[in-house]
$ cat final39.pdb   # PDB, C-alpha atoms, pLDDT in the B column
ATOM      1  CA  MET A  29      85.299 103.328  85.843  1.00 49.00           C
ATOM      2  CA  GLY A  30      83.193 104.730  88.667  1.00 50.00           C
ATOM      3  CA  PRO A  31      79.559 103.950  89.444  1.00 51.00           C
ATOM      4  CA  ASP A  32      78.435 107.280  87.943  1.00 52.00           C
ATOM      5  CA  VAL A  33      79.634 106.151  84.499  1.00 48.00           C
ATOM      6  CA  PHE A  34      77.491 103.010  84.625  1.00 45.00           C
ATOM      7  CA  LYS A  35      74.572 105.041  85.871  1.00 49.00           C
ATOM      8  CA  ASN A  36      74.894 107.544  83.039  1.00 51.00           C
ATOM      9  CA  ASN A  37      75.265 104.767  80.461  1.00 52.00           C
ATOM     10  CA  TYR A  38      72.187 103.003  81.855  1.00 50.00           C
ATOM     11  CA  TRP A  39      69.991 106.110  81.570  1.00 49.00           C
ATOM     12  CA  SER A  40      71.318 106.863  78.077  1.00 57.00           C
ATOM     13  CA  TYR A  41      70.356 103.365  76.984  1.00 53.00           C
ATOM     14  CA  TYR A  42      66.919 103.669  78.606  1.00 56.00           C
ATOM     15  CA  GLU A  43      66.242 107.019  76.990  1.00 58.00           C
ATOM     16  CA  LEU A  44      67.386 105.726  73.592  1.00 54.00           C
ATOM     17  CA  LYS A  45      65.104 102.705  73.894  1.00 57.00           C
ATOM     18  CA  HIS A  46      62.178 104.879  74.910  1.00 61.00           C
ATOM     19  CA  PHE A  47      62.839 107.253  71.996  1.00 59.00           C
ATOM     20  CA  LYS A  48      62.844 104.361  69.524  1.00 62.00           C
ATOM     21  CA  MET A  49      59.564 103.029  70.906  1.00 68.00           C
ATOM     22  CA  LYS A  50      57.904 106.426  70.473  1.00 66.00           C
ATOM     23  CA  ASN A  51      59.095 106.592  66.871  1.00 68.00           C
ATOM     24  CA  ILE A  52      57.800 103.089  66.171  1.00 73.00           C
ATOM     25  CA  ILE A  53      54.390 104.010  67.593  1.00 74.00           C
ATOM     26  CA  ILE A  54      54.262 107.156  65.433  1.00 76.00           C
ATOM     27  CA  VAL A  55      55.233 105.265  62.280  1.00 66.00           C
ATOM     28  CA  VAL A  56      52.658 102.525  62.938  1.00 67.00           C
ATOM     29  CA  THR A  57      49.957 105.152  63.557  1.00 75.00           C
ATOM     30  CA  VAL A  58      50.774 106.990  60.332  1.00 70.00           C
ATOM     31  CA  LEU A  59      50.730 103.755  58.323  1.00 71.00           C
ATOM     32  CA  TYR A  60      47.411 102.787  59.862  1.00 74.00           C
ATOM     33  CA  LEU A  61      45.838 106.144  59.007  1.00 75.00           C
ATOM     34  CA  ARG A  62      47.177 105.972  55.448  1.00 72.00           C
ATOM     35  CA  SER A  63      45.756 102.482  55.012  1.00 69.00           C
ATOM     36  CA  LEU A  64      42.396 103.620  56.388  1.00 68.00           C
ATOM     37  CA  LEU A  65      42.335 106.574  53.988  1.00 70.00           C
ATOM     38  CA  MET A  66      43.161 104.333  51.025  1.00 64.00           C
ATOM     39  CA  LEU A  67      40.411 101.914  52.032  1.00 61.00           C
ATOM     40  CA  MET A  68      37.875 104.739  52.226  1.00 63.00           C
ATOM     41  CA  THR A  69      38.954 106.022  48.818  1.00 56.00           C
ATOM     42  CA  ILE A  70      38.659 102.562  47.262  1.00 50.00           C
ATOM     43  CA  CYS A  71      35.193 102.109  48.741  1.00 50.00           C
ATOM     44  CA  MET A  72      34.108 105.484  47.429  1.00 51.00           C
ATOM     45  CA  TYR A  73      35.217 104.814  43.863  1.00 47.00           C
ATOM     46  CA  SER A  74      34.320 101.156  43.682  1.00 45.00           C
ATOM     47  CA  GLN A  75      30.584 101.633  43.950  1.00 48.00           C
ATOM     48  CA  GLU A  76      28.450  99.448  41.747  1.00 50.00           C
ATOM     49  CA  PRO A  77      27.907 101.124  38.368  1.00 55.00           C
ATOM     50  CA  SER A  78      24.459 102.650  38.044  1.00 68.00           C
ATOM     51  CA  LEU A  79      22.184 102.589  35.035  1.00 82.00           C
ATOM     52  CA  TYR A  80      21.074 106.088  35.987  1.00 87.00           C
ATOM     53  CA  THR A  81      23.936 107.801  34.207  1.00 91.00           C
ATOM     54  CA  VAL A  82      22.437 111.182  33.367  1.00 96.00           C
ATOM     55  CA  LYS A  83      21.324 113.636  36.034  1.00 96.00           C
ATOM     56  CA  ALA A  84      20.096 116.364  33.690  1.00 97.00           C
ATOM     57  CA  VAL A  85      20.038 117.629  30.102  1.00 97.00           C
ATOM     58  CA  LEU A  86      20.035 121.351  29.412  1.00 97.00           C
ATOM     59  CA  ILE A  87      19.844 123.583  26.358  1.00 97.00           C
ATOM     60  CA  LEU A  88      20.457 127.268  27.017  1.00 97.00           C
ATOM     61  CA  ASP A  89      20.710 130.262  24.710  1.00 95.00           C
ATOM     62  CA  ASN A  90      23.729 132.547  24.546  1.00 94.00           C
ATOM     63  CA  ASP A  91      22.340 134.641  27.402  1.00 95.00           C
ATOM     64  CA  GLY A  92      22.007 131.610  29.651  1.00 95.00           C
ATOM     65  CA  ASN A  93      18.218 131.444  29.360  1.00 96.00           C
ATOM     66  CA  ARG A  94      16.571 128.044  29.507  1.00 96.00           C
ATOM     67  CA  LEU A  95      15.212 126.639  26.259  1.00 96.00           C
ATOM     68  CA  LEU A  96      14.977 123.033  27.405  1.00 96.00           C
ATOM     69  CA  SER A  97      15.726 121.339  30.695  1.00 95.00           C
ATOM     70  CA  LYS A  98      15.089 117.841  31.969  1.00 96.00           C
ATOM     71  CA  TYR A  99      16.186 116.813  35.470  1.00 97.00           C
ATOM     72  CA  TYR A 100      16.171 113.068  36.064  1.00 96.00           C
ATOM     73  CA  ASP A 101      17.319 113.115  39.690  1.00 93.00           C
ATOM     74  CA  THR A 102      14.448 114.645  41.647  1.00 88.00           C
ATOM     75  CA  GLU A 103      16.609 115.107  44.735  1.00 90.00           C
ATOM     76  CA  LEU A 104      19.330 117.021  42.897  1.00 91.00           C
ATOM     77  CA  TYR A 105      17.551 120.373  42.505  1.00 94.00           C
ATOM     78  CA  PRO A 106      13.945 119.843  43.611  1.00 93.00           C
ATOM     79  CA  SER A 107      12.749 123.432  43.141  1.00 94.00           C
ATOM     80  CA  ILE A 108      12.639 125.560  40.005  1.00 94.00           C
ATOM     81  CA  LYS A 109      14.621 128.265  41.784  1.00 95.00           C
ATOM     82  CA  GLU A 110      17.439 125.813  42.548  1.00 96.00           C
ATOM     83  CA  GLN A 111      17.415 124.585  38.963  1.00 96.00           C
ATOM     84  CA  LYS A 112      17.611 128.122  37.573  1.00 95.00           C
ATOM     85  CA  ASN A 113      20.477 128.994  39.940  1.00 96.00           C
ATOM     86  CA  PHE A 114      22.332 125.865  38.878  1.00 96.00           C
ATOM     87  CA  GLU A 115      21.804 126.641  35.191  1.00 96.00           C
ATOM     88  CA  LYS A 116      23.102 130.162  35.732  1.00 96.00           C
ATOM     89  CA  SER A 117      26.221 128.808  37.456  1.00 95.00           C
ATOM     90  CA  VAL A 118      26.780 126.272  34.685  1.00 96.00           C
ATOM     91  CA  PHE A 119      26.443 128.921  31.993  1.00 96.00           C
ATOM     92  CA  ASN A 120      28.771 131.367  33.760  1.00 94.00           C
ATOM     93  CA  LYS A 121      31.404 128.659  34.141  1.00 92.00           C
ATOM     94  CA  SER A 122      31.214 127.385  30.568  1.00 92.00           C
ATOM     95  CA  HIS A 123      30.184 130.050  28.069  1.00 87.00           C
ATOM     96  CA  LYS A 124      33.637 131.610  27.801  1.00 85.00           C
ATOM     97  CA  ALA A 125      35.661 128.447  28.368  1.00 80.00           C
ATOM     98  CA  ASP A 126      37.398 126.409  25.686  1.00 78.00           C
ATOM     99  CA  ASN A 127      36.989 123.119  27.525  1.00 82.00           C
ATOM    100  CA  GLU A 128      34.281 120.536  26.948  1.00 90.00           C
ATOM    101  CA  ILE A 129      34.133 119.327  30.554  1.00 92.00           C
ATOM    102  CA  ALA A 130      33.373 121.194  33.756  1.00 92.00           C
ATOM    103  CA  PHE A 131      33.109 120.163  37.398  1.00 93.00           C
ATOM    104  CA  LEU A 132      30.597 122.068  39.473  1.00 93.00           C
ATOM    105  CA  GLU A 133      28.789 121.423  42.760  1.00 92.00           C
ATOM    106  CA  GLY A 134      29.963 117.816  42.873  1.00 92.00           C
ATOM    107  CA  LEU A 135      28.790 117.115  39.322  1.00 95.00           C
ATOM    108  CA  THR A 136      30.472 116.314  36.014  1.00 95.00           C
ATOM    109  CA  ILE A 137      29.192 118.405  33.113  1.00 96.00           C
ATOM    110  CA  VAL A 138      30.026 117.958  29.430  1.00 96.00           C
ATOM    111  CA  TYR A 139      28.970 120.605  26.967  1.00 96.00           C
ATOM    112  CA  LYS A 140      29.291 122.102  23.520  1.00 95.00           C
ATOM    113  CA  SER A 141      28.003 125.203  21.786  1.00 93.00           C
ATOM    114  CA  SER A 142      26.655 126.041  18.354  1.00 92.00           C
ATOM    115  CA  VAL A 143      26.049 129.617  17.196  1.00 90.00           C
ATOM    116  CA  ASP A 144      23.736 130.862  19.989  1.00 94.00           C
ATOM    117  CA  LEU A 145      23.017 127.562  21.754  1.00 96.00           C
ATOM    118  CA  PHE A 146      24.713 125.690  24.593  1.00 97.00           C
ATOM    119  CA  PHE A 147      24.088 121.974  25.153  1.00 97.00           C
ATOM    120  CA  TYR A 148      24.816 120.321  28.506  1.00 97.00           C
ATOM    121  CA  VAL A 149      24.697 116.769  29.831  1.00 97.00           C
ATOM    122  CA  VAL A 150      25.120 116.431  33.599  1.00 97.00           C
ATOM    123  CA  GLY A 151      26.274 113.377  35.562  1.00 95.00           C
ATOM    124  CA  SER A 152      27.593 112.577  39.018  1.00 93.00           C
ATOM    125  CA  ALA A 153      31.165 113.328  40.074  1.00 89.00           C
ATOM    126  CA  GLN A 154      32.110 109.654  39.592  1.00 89.00           C
ATOM    127  CA  GLU A 155      30.391 109.305  36.221  1.00 90.00           C
ATOM    128  CA  ASN A 156      32.399 108.277  33.160  1.00 90.00           C
ATOM    129  CA  GLU A 157      32.991 111.414  31.116  1.00 92.00           C
ATOM    130  CA  LEU A 158      33.074 109.424  27.876  1.00 93.00           C
ATOM    131  CA  MET A 159      29.562 108.116  28.555  1.00 94.00           C
ATOM    132  CA  LEU A 160      28.256 111.618  29.108  1.00 96.00           C
ATOM    133  CA  MET A 161      30.050 112.861  26.004  1.00 96.00           C
ATOM    134  CA  MET A 162      28.501 110.020  24.001  1.00 96.00           C
ATOM    135  CA  VAL A 163      25.035 111.219  25.037  1.00 96.00           C
ATOM    136  CA  LEU A 164      25.917 114.822  24.242  1.00 97.00           C
ATOM    137  CA  ASN A 165      27.232 113.951  20.783  1.00 96.00           C
ATOM    138  CA  CYS A 166      24.183 111.825  20.038  1.00 96.00           C
ATOM    139  CA  LEU A 167      21.867 114.665  21.022  1.00 97.00           C
ATOM    140  CA  PHE A 168      23.785 117.259  19.050  1.00 96.00           C
ATOM    141  CA  ASP A 169      24.231 115.125  15.921  1.00 96.00           C
ATOM    142  CA  THR A 170      20.576 114.070  15.921  1.00 95.00           C
ATOM    143  CA  LEU A 171      19.386 117.674  16.209  1.00 95.00           C
ATOM    144  CA  SER A 172      21.868 118.714  13.539  1.00 94.00           C
ATOM    145  CA  GLN A 173      20.244 116.298  11.116  1.00 92.00           C
ATOM    146  CA  ILE A 174      16.687 117.174  12.118  1.00 90.00           C
ATOM    147  CA  LEU A 175      17.424 120.904  11.834  1.00 91.00           C
ATOM    148  CA  ARG A 176      19.399 120.313   8.613  1.00 90.00           C
ATOM    149  CA  LYS A 177      22.584 121.582  10.234  1.00 90.00           C
ATOM    150  CA  ASN A 178      20.918 124.846  11.307  1.00 92.00           C
ATOM    151  CA  VAL A 179      21.661 124.279  14.978  1.00 94.00           C
ATOM    152  CA  GLU A 180      20.704 127.683  16.280  1.00 94.00           C
ATOM    153  CA  LYS A 181      18.059 129.178  18.524  1.00 95.00           C
ATOM    154  CA  ARG A 182      15.357 130.189  16.045  1.00 94.00           C
ATOM    155  CA  TYR A 183      15.341 126.841  14.268  1.00 93.00           C
ATOM    156  CA  LEU A 184      15.395 124.959  17.550  1.00 94.00           C
ATOM    157  CA  LEU A 185      12.415 126.944  18.874  1.00 94.00           C
ATOM    158  CA  ASP A 186      10.505 126.245  15.669  1.00 91.00           C
ATOM    159  CA  ASN A 187      11.050 122.514  16.220  1.00 91.00           C
ATOM    160  CA  LEU A 188      11.053 122.348  20.011  1.00 91.00           C
ATOM    161  CA  ASP A 189       8.367 119.674  20.116  1.00 89.00           C
ATOM    162  CA  GLY A 190      10.622 117.403  18.049  1.00 91.00           C
ATOM    163  CA  VAL A 191      13.604 118.264  20.266  1.00 94.00           C
ATOM    164  CA  TYR A 192      11.746 116.927  23.310  1.00 94.00           C
ATOM    165  CA  LEU A 193      10.966 113.730  21.418  1.00 93.00           C
ATOM    166  CA  VAL A 194      14.654 113.343  20.567  1.00 95.00           C
ATOM    167  CA  VAL A 195      15.735 113.765  24.195  1.00 96.00           C
ATOM    168  CA  ASP A 196      13.141 111.210  25.324  1.00 95.00           C
ATOM    169  CA  GLU A 197      14.440 108.663  22.811  1.00 95.00           C
ATOM    170  CA  ILE A 198      18.033 109.094  24.009  1.00 96.00           C
ATOM    171  CA  ILE A 199      17.384 109.169  27.774  1.00 96.00           C
ATOM    172  CA  ASP A 200      14.583 107.808  29.910  1.00 94.00           C
ATOM    173  CA  GLY A 201      14.640 108.631  33.609  1.00 93.00           C
ATOM    174  CA  GLY A 202      18.412 109.117  33.506  1.00 94.00           C
ATOM    175  CA  ILE A 203      19.051 105.802  31.719  1.00 94.00           C
ATOM    176  CA  ILE A 204      20.733 105.950  28.317  1.00 95.00           C
ATOM    177  CA  LEU A 205      18.511 104.258  25.759  1.00 94.00           C
ATOM    178  CA  GLU A 206      20.261 105.109  22.514  1.00 94.00           C
ATOM    179  CA  SER A 207      23.532 106.645  21.328  1.00 93.00           C
ATOM    180  CA  ASP A 208      23.192 106.296  17.552  1.00 95.00           C
ATOM    181  CA  PRO A 209      21.703 109.418  15.918  1.00 94.00           C
ATOM    182  CA  GLN A 210      20.273 107.420  13.006  1.00 93.00           C
ATOM    183  CA  GLN A 211      18.436 105.092  15.362  1.00 94.00           C
ATOM    184  CA  VAL A 212      17.069 108.056  17.315  1.00 94.00           C
ATOM    185  CA  ILE A 213      15.768 109.701  14.136  1.00 92.00           C
ATOM    186  CA  GLN A 214      14.104 106.472  13.042  1.00 91.00           C
ATOM    187  CA  LYS A 215      12.428 106.057  16.435  1.00 90.00           C
ATOM    188  CA  VAL A 216      11.213 109.661  16.517  1.00 88.00           C
ATOM    189  CA  ASN A 217       9.762 109.266  13.020  1.00 85.00           C
ATOM    190  CA  TYR A 218       8.146 105.997  14.081  1.00 67.00           C
ATOM    191  CA  ARG A 219       6.579 107.586  17.139  1.00 67.00           C
ATOM    192  CA  VAL A 220       5.009 110.296  14.987  1.00 60.00           C
ATOM    193  CA  ASP A 221       4.045 107.990  12.115  1.00 60.00           C
ATOM    194  CA  GLU A 222       3.211 104.799  14.010  1.00 54.00           C
ATOM    195  CA  ASN A 223      -0.471 105.305  13.134  1.00 45.00           C
ATOM    196  CA  PRO A 224      -0.513 107.346   9.902  1.00 44.00           C
ATOM    197  CA  LEU A 225      -4.245 106.813   9.410  1.00 34.00           C
ATOM    198  CA  SER A 226      -5.021 108.706  12.580  1.00 37.00           C
ATOM    199  CA  GLU A 227      -4.100 112.371  12.567  1.00 40.00           C
ATOM    200  CA  GLN A 228      -5.359 112.555  16.138  1.00 41.00           C
ATOM    201  CA  SER A 229      -2.584 110.266  17.449  1.00 40.00           C
ATOM    202  CA  VAL A 230       0.071 112.439  15.788  1.00 43.00           C
ATOM    203  CA  ALA A 231      -1.495 115.515  17.297  1.00 49.00           C
ATOM    204  CA  GLN A 232      -1.508 113.887  20.728  1.00 51.00           C
ATOM    205  CA  VAL A 233       2.226 113.164  20.565  1.00 52.00           C
ATOM    206  CA  LEU A 234       3.027 116.704  19.495  1.00 55.00           C
ATOM    207  CA  GLN A 235       0.584 118.196  22.005  1.00 57.00           C
ATOM    208  CA  SER A 236       2.238 116.243  24.815  1.00 58.00           C
ATOM    209  CA  ALA A 237       5.627 117.619  23.792  1.00 57.00           C
ATOM    210  CA  LYS A 238       4.218 121.146  23.555  1.00 57.00           C
ATOM    211  CA  GLU A 239       2.789 120.842  27.072  1.00 58.00           C
ATOM    212  CA  GLN A 240       6.279 120.009  28.341  1.00 58.00           C
ATOM    213  CA  ILE A 241       7.639 123.050  26.507  1.00 55.00           C
ATOM    214  CA  LYS A 242       4.950 125.330  27.933  1.00 53.00           C
ATOM    215  CA  TRP A 243       5.563 124.253  31.525  1.00 53.00           C
ATOM    216  CA  SER A 244       9.324 124.424  31.088  1.00 54.00           C
ATOM    217  CA  ILE A 245       9.110 128.031  29.870  1.00 51.00           C
ATOM    218  CA  LEU A 246       6.543 129.092  32.469  1.00 52.00           C
ATOM    219  CA  LYS A 247       8.657 127.671  35.283  1.00 53.00           C
TER     220      LYS A 247
END
$ encode --input "final39.pdb" --output "structure tokens"
Amino acid sequence: MGPDVFKNNYWSYYELKHFKMKNIIIVVTVLYLRSLLMLMTICMYSQEPSLYTVKAVLILDNDGNRLLSKYYDTELYPSIKEQKNFEKSVFNKSHKADNEIAFLEGLTIVYKSSVDLFFYVVGSAQENELMLMMVLNCLFDTLSQILRKNVEKRYLLDNLDGVYLVVDEIIDGGIILESDPQQVIQKVNYRVDENPLSEQSVAQVLQSAKEQIKWSILK
């Protein structure tokens, strides 16, 4: 065997070793990036649970017009124009769909309809859908009892002051207070009748609710 054979074998071995090292570096880099991505994902979804579950509650008619809206996250849609645009997008996405859950603009939205009404409960993208659905069902079932199962626009408008009281008993500042319709009804009745000897106090509660309605419609 001549010297050229050894030389060729030497370079073949060197090139093979170099090729293996490059592959090892690539594999290690890929594994590192995958681990980093997994860590970021875990951090994103392992945030401490928040008491502020609900971002907004909406009731729209079958044309997408606002009948009731309460936004609990002031940074979500700070202006009325942004709120109206969001409500329009929500309605367009949901009013012809058969689903009960929608994902829009980084938010989780659960909803249901009745005759000419659409009810929405909005939470963050990471929010538990069952929690939001629990709030939605409580709201709907409570109103169904208050409206004597006539859950439609004209009856809701006739009792809109009571509807605001119901929402306030279920949610306060985005925190879920109650999920049992019977308990909500009892609390609403108590708030109205807590001082039956004073008609003025009853009027004040209803007037406060009517003020909310007036500003909601004007906006």
$ resolve_selection --input "final39.pdb" --expression "the PyMOL selection byres ((chain A and resi 164) around 8)" --output "NGL selection string"
:A and (138-139 or 147-149 or 160-163 or 165-168)
$ atom_distance --input "final39.pdb" --atom1 "atom CA of Val212 of chain A" --atom2 "atom CA of Val194 of chain A"
6.7 Å
$ resolve_selection --input "final39.pdb" --expression "the PyMOL selection byres ((chain A and resi 152-156) around 9)" --output "list in words"
Tyr73, Pro77, Thr81, Val82, Lys83, Phe131, Leu132, Glu133, Gly134, Leu135, Thr136, Ile137, Val150, Gly151, Glu157, Leu158, Met159, Leu160 and Met161 of chain A
$ write_last_selection --input "final39.pdb" --atoms "C-alpha atoms" --output "PDB file, keeping the file's coordinate frame"
ATOM      1  CA  TYR A  73      35.217 104.814  43.863  1.00 47.00           C
ATOM      2  CA  PRO A  77      27.907 101.124  38.368  1.00 55.00           C
ATOM      3  CA  THR A  81      23.936 107.801  34.207  1.00 91.00           C
ATOM      4  CA  VAL A  82      22.437 111.182  33.367  1.00 96.00           C
ATOM      5  CA  LYS A  83      21.324 113.636  36.034  1.00 96.00           C
ATOM      6  CA  PHE A 131      33.109 120.163  37.398  1.00 93.00           C
ATOM      7  CA  LEU A 132      30.597 122.068  39.473  1.00 93.00           C
ATOM      8  CA  GLU A 133      28.789 121.423  42.760  1.00 92.00           C
ATOM      9  CA  GLY A 134      29.963 117.816  42.873  1.00 92.00           C
ATOM     10  CA  LEU A 135      28.790 117.115  39.322  1.00 95.00           C
ATOM     11  CA  THR A 136      30.472 116.314  36.014  1.00 95.00           C
ATOM     12  CA  ILE A 137      29.192 118.405  33.113  1.00 96.00           C
ATOM     13  CA  VAL A 150      25.120 116.431  33.599  1.00 97.00           C
ATOM     14  CA  GLY A 151      26.274 113.377  35.562  1.00 95.00           C
ATOM     15  CA  GLU A 157      32.991 111.414  31.116  1.00 92.00           C
ATOM     16  CA  LEU A 158      33.074 109.424  27.876  1.00 93.00           C
ATOM     17  CA  MET A 159      29.562 108.116  28.555  1.00 94.00           C
ATOM     18  CA  LEU A 160      28.256 111.618  29.108  1.00 96.00           C
ATOM     19  CA  MET A 161      30.050 112.861  26.004  1.00 96.00           C
TER      20      MET A 161
END
$ residues_around --input "final39.pdb" --residues "Leu171 of chain A" --least-positions-apart "3" --cutoff "12 Å" --atoms "all atoms listed in the file" --output "VMD selection string"
chain A and resid 87 142 145 147 164 to 168 174 to 181 183 to 185 187 to 195 198 209 to 210 212 to 213 216
$ write_last_selection --input "final39.pdb" --atoms "C-alpha atoms" --output "mmCIF file, in the frame of the given file"
data_model
loop_
_atom_site.group_PDB
_atom_site.id
_atom_site.type_symbol
_atom_site.label_atom_id
_atom_site.label_comp_id
_atom_site.auth_asym_id
_atom_site.auth_seq_id
_atom_site.Cartn_x
_atom_site.Cartn_y
_atom_site.Cartn_z
ATOM 1 C CA ILE A 87 19.844 123.583 26.358
ATOM 2 C CA SER A 142 26.655 126.041 18.354
ATOM 3 C CA LEU A 145 23.017 127.562 21.754
ATOM 4 C CA PHE A 147 24.088 121.974 25.153
ATOM 5 C CA LEU A 164 25.917 114.822 24.242
ATOM 6 C CA ASN A 165 27.232 113.951 20.783
ATOM 7 C CA CYS A 166 24.183 111.825 20.038
ATOM 8 C CA LEU A 167 21.867 114.665 21.022
ATOM 9 C CA PHE A 168 23.785 117.259 19.050
ATOM 10 C CA ILE A 174 16.687 117.174 12.118
ATOM 11 C CA LEU A 175 17.424 120.904 11.834
ATOM 12 C CA ARG A 176 19.399 120.313 8.613
ATOM 13 C CA LYS A 177 22.584 121.582 10.234
ATOM 14 C CA ASN A 178 20.918 124.846 11.307
ATOM 15 C CA VAL A 179 21.661 124.279 14.978
ATOM 16 C CA GLU A 180 20.704 127.683 16.280
ATOM 17 C CA LYS A 181 18.059 129.178 18.524
ATOM 18 C CA TYR A 183 15.341 126.841 14.268
ATOM 19 C CA LEU A 184 15.395 124.959 17.550
ATOM 20 C CA LEU A 185 12.415 126.944 18.874
ATOM 21 C CA ASN A 187 11.050 122.514 16.220
ATOM 22 C CA LEU A 188 11.053 122.348 20.011
ATOM 23 C CA ASP A 189 8.367 119.674 20.116
ATOM 24 C CA GLY A 190 10.622 117.403 18.049
ATOM 25 C CA VAL A 191 13.604 118.264 20.266
ATOM 26 C CA TYR A 192 11.746 116.927 23.310
ATOM 27 C CA LEU A 193 10.966 113.730 21.418
ATOM 28 C CA VAL A 194 14.654 113.343 20.567
ATOM 29 C CA VAL A 195 15.735 113.765 24.195
ATOM 30 C CA ILE A 198 18.033 109.094 24.009
ATOM 31 C CA PRO A 209 21.703 109.418 15.918
ATOM 32 C CA GLN A 210 20.273 107.420 13.006
ATOM 33 C CA VAL A 212 17.069 108.056 17.315
ATOM 34 C CA ILE A 213 15.768 109.701 14.136
ATOM 35 C CA VAL A 216 11.213 109.661 16.517
#
$ atom_distance --input "final39.pdb" --atom1 "atom CA of Asn217 of chain A" --atom2 "atom CA of Gln173 of chain A"
12.8 Å
$ atom_distance --input "final39.pdb" --atom1 "atom CA of Asp144 of chain A" --atom2 "atom CA of Asp196 of chain A"
23.0 Å
$ residues_around --input "final39.pdb" --residues "segment 112-117 of chain A" --least-positions-apart "6" --cutoff "9 Å" --atoms "all atoms listed in the file" --output "PyMOL selection string"
chain A and resi 86+88+92-94+105+132-133
$ axis_aligned_box --input "final39.pdb" --around "segment 126-133 of chain A" --padding-each-side "5 Å" --output "lines of an AutoDock Vina configuration file"
center_x = 33.1
center_y = 122.9
center_z = 34.2
size_x = 18.6
size_y = 17.1
size_z = 27.1
$ build_atoms --input "final39.pdb" --residues "segment 152-157 of chain A" --atoms "all heavy atoms" --output "JSON list (two decimals), in the coordinates of the input"
[["chain", "number", "residue", "atom", "x", "y", "z"],
["A", 152, "SER", "N", 26.99, 112.49, 37.68],
["A", 152, "SER", "CA", 27.59, 112.58, 39.02],
["A", 152, "SER", "C", 29.09, 112.79, 38.91],
["A", 152, "SER", "O", 29.69, 112.66, 37.84],
["A", 152, "SER", "CB", 27.31, 111.29, 39.80],
["A", 152, "SER", "OG", 28.03, 110.20, 39.23],
["A", 153, "ALA", "N", 29.72, 113.08, 40.05],
["A", 153, "ALA", "CA", 31.16, 113.33, 40.07],
["A", 153, "ALA", "C", 31.95, 112.10, 39.65],
["A", 153, "ALA", "O", 33.04, 112.20, 39.10],
["A", 153, "ALA", "CB", 31.60, 113.79, 41.47],
["A", 154, "GLN", "N", 31.41, 110.90, 39.92],
["A", 154, "GLN", "CA", 32.11, 109.65, 39.59],
["A", 154, "GLN", "C", 31.74, 109.12, 38.21],
["A", 154, "GLN", "O", 32.27, 108.09, 37.79],
["A", 154, "GLN", "CB", 31.78, 108.58, 40.63],
["A", 154, "GLN", "CG", 32.39, 108.81, 42.00],
["A", 154, "GLN", "CD", 31.61, 109.82, 42.82],
["A", 154, "GLN", "OE1", 30.38, 109.86, 42.73],
["A", 154, "GLN", "NE2", 32.29, 110.65, 43.59],
["A", 155, "GLU", "N", 30.87, 109.83, 37.50],
["A", 155, "GLU", "CA", 30.39, 109.30, 36.22],
["A", 155, "GLU", "C", 31.48, 109.35, 35.15],
["A", 155, "GLU", "O", 32.34, 110.24, 35.15],
["A", 155, "GLU", "CB", 29.17, 110.10, 35.74],
["A", 155, "GLU", "CG", 28.42, 109.44, 34.61],
["A", 155, "GLU", "CD", 28.04, 108.01, 34.94],
["A", 155, "GLU", "OE1", 27.21, 107.82, 35.84],
["A", 155, "GLU", "OE2", 28.61, 107.11, 34.31],
["A", 156, "ASN", "N", 31.45, 108.36, 34.27],
["A", 156, "ASN", "CA", 32.40, 108.28, 33.16],
["A", 156, "ASN", "C", 32.14, 109.42, 32.18],
["A", 156, "ASN", "O", 31.05, 109.53, 31.61],
["A", 156, "ASN", "CB", 32.24, 106.92, 32.45],
["A", 156, "ASN", "CG", 33.33, 106.67, 31.44],
["A", 156, "ASN", "OD1", 33.73, 107.55, 30.70],
["A", 156, "ASN", "ND2", 33.82, 105.44, 31.40],
["A", 157, "GLU", "N", 33.15, 110.25, 31.98],
["A", 157, "GLU", "CA", 32.99, 111.41, 31.12],
["A", 157, "GLU", "C", 32.73, 111.01, 29.67],
["A", 157, "GLU", "O", 32.01, 111.72, 28.94],
["A", 157, "GLU", "CB", 34.25, 112.29, 31.20],
["A", 157, "GLU", "CG", 34.49, 112.87, 32.58],
["A", 157, "GLU", "CD", 35.92, 113.33, 32.78],
["A", 157, "GLU", "OE1", 36.66, 113.37, 31.78],
["A", 157, "GLU", "OE2", 36.28, 113.64, 33.93]]
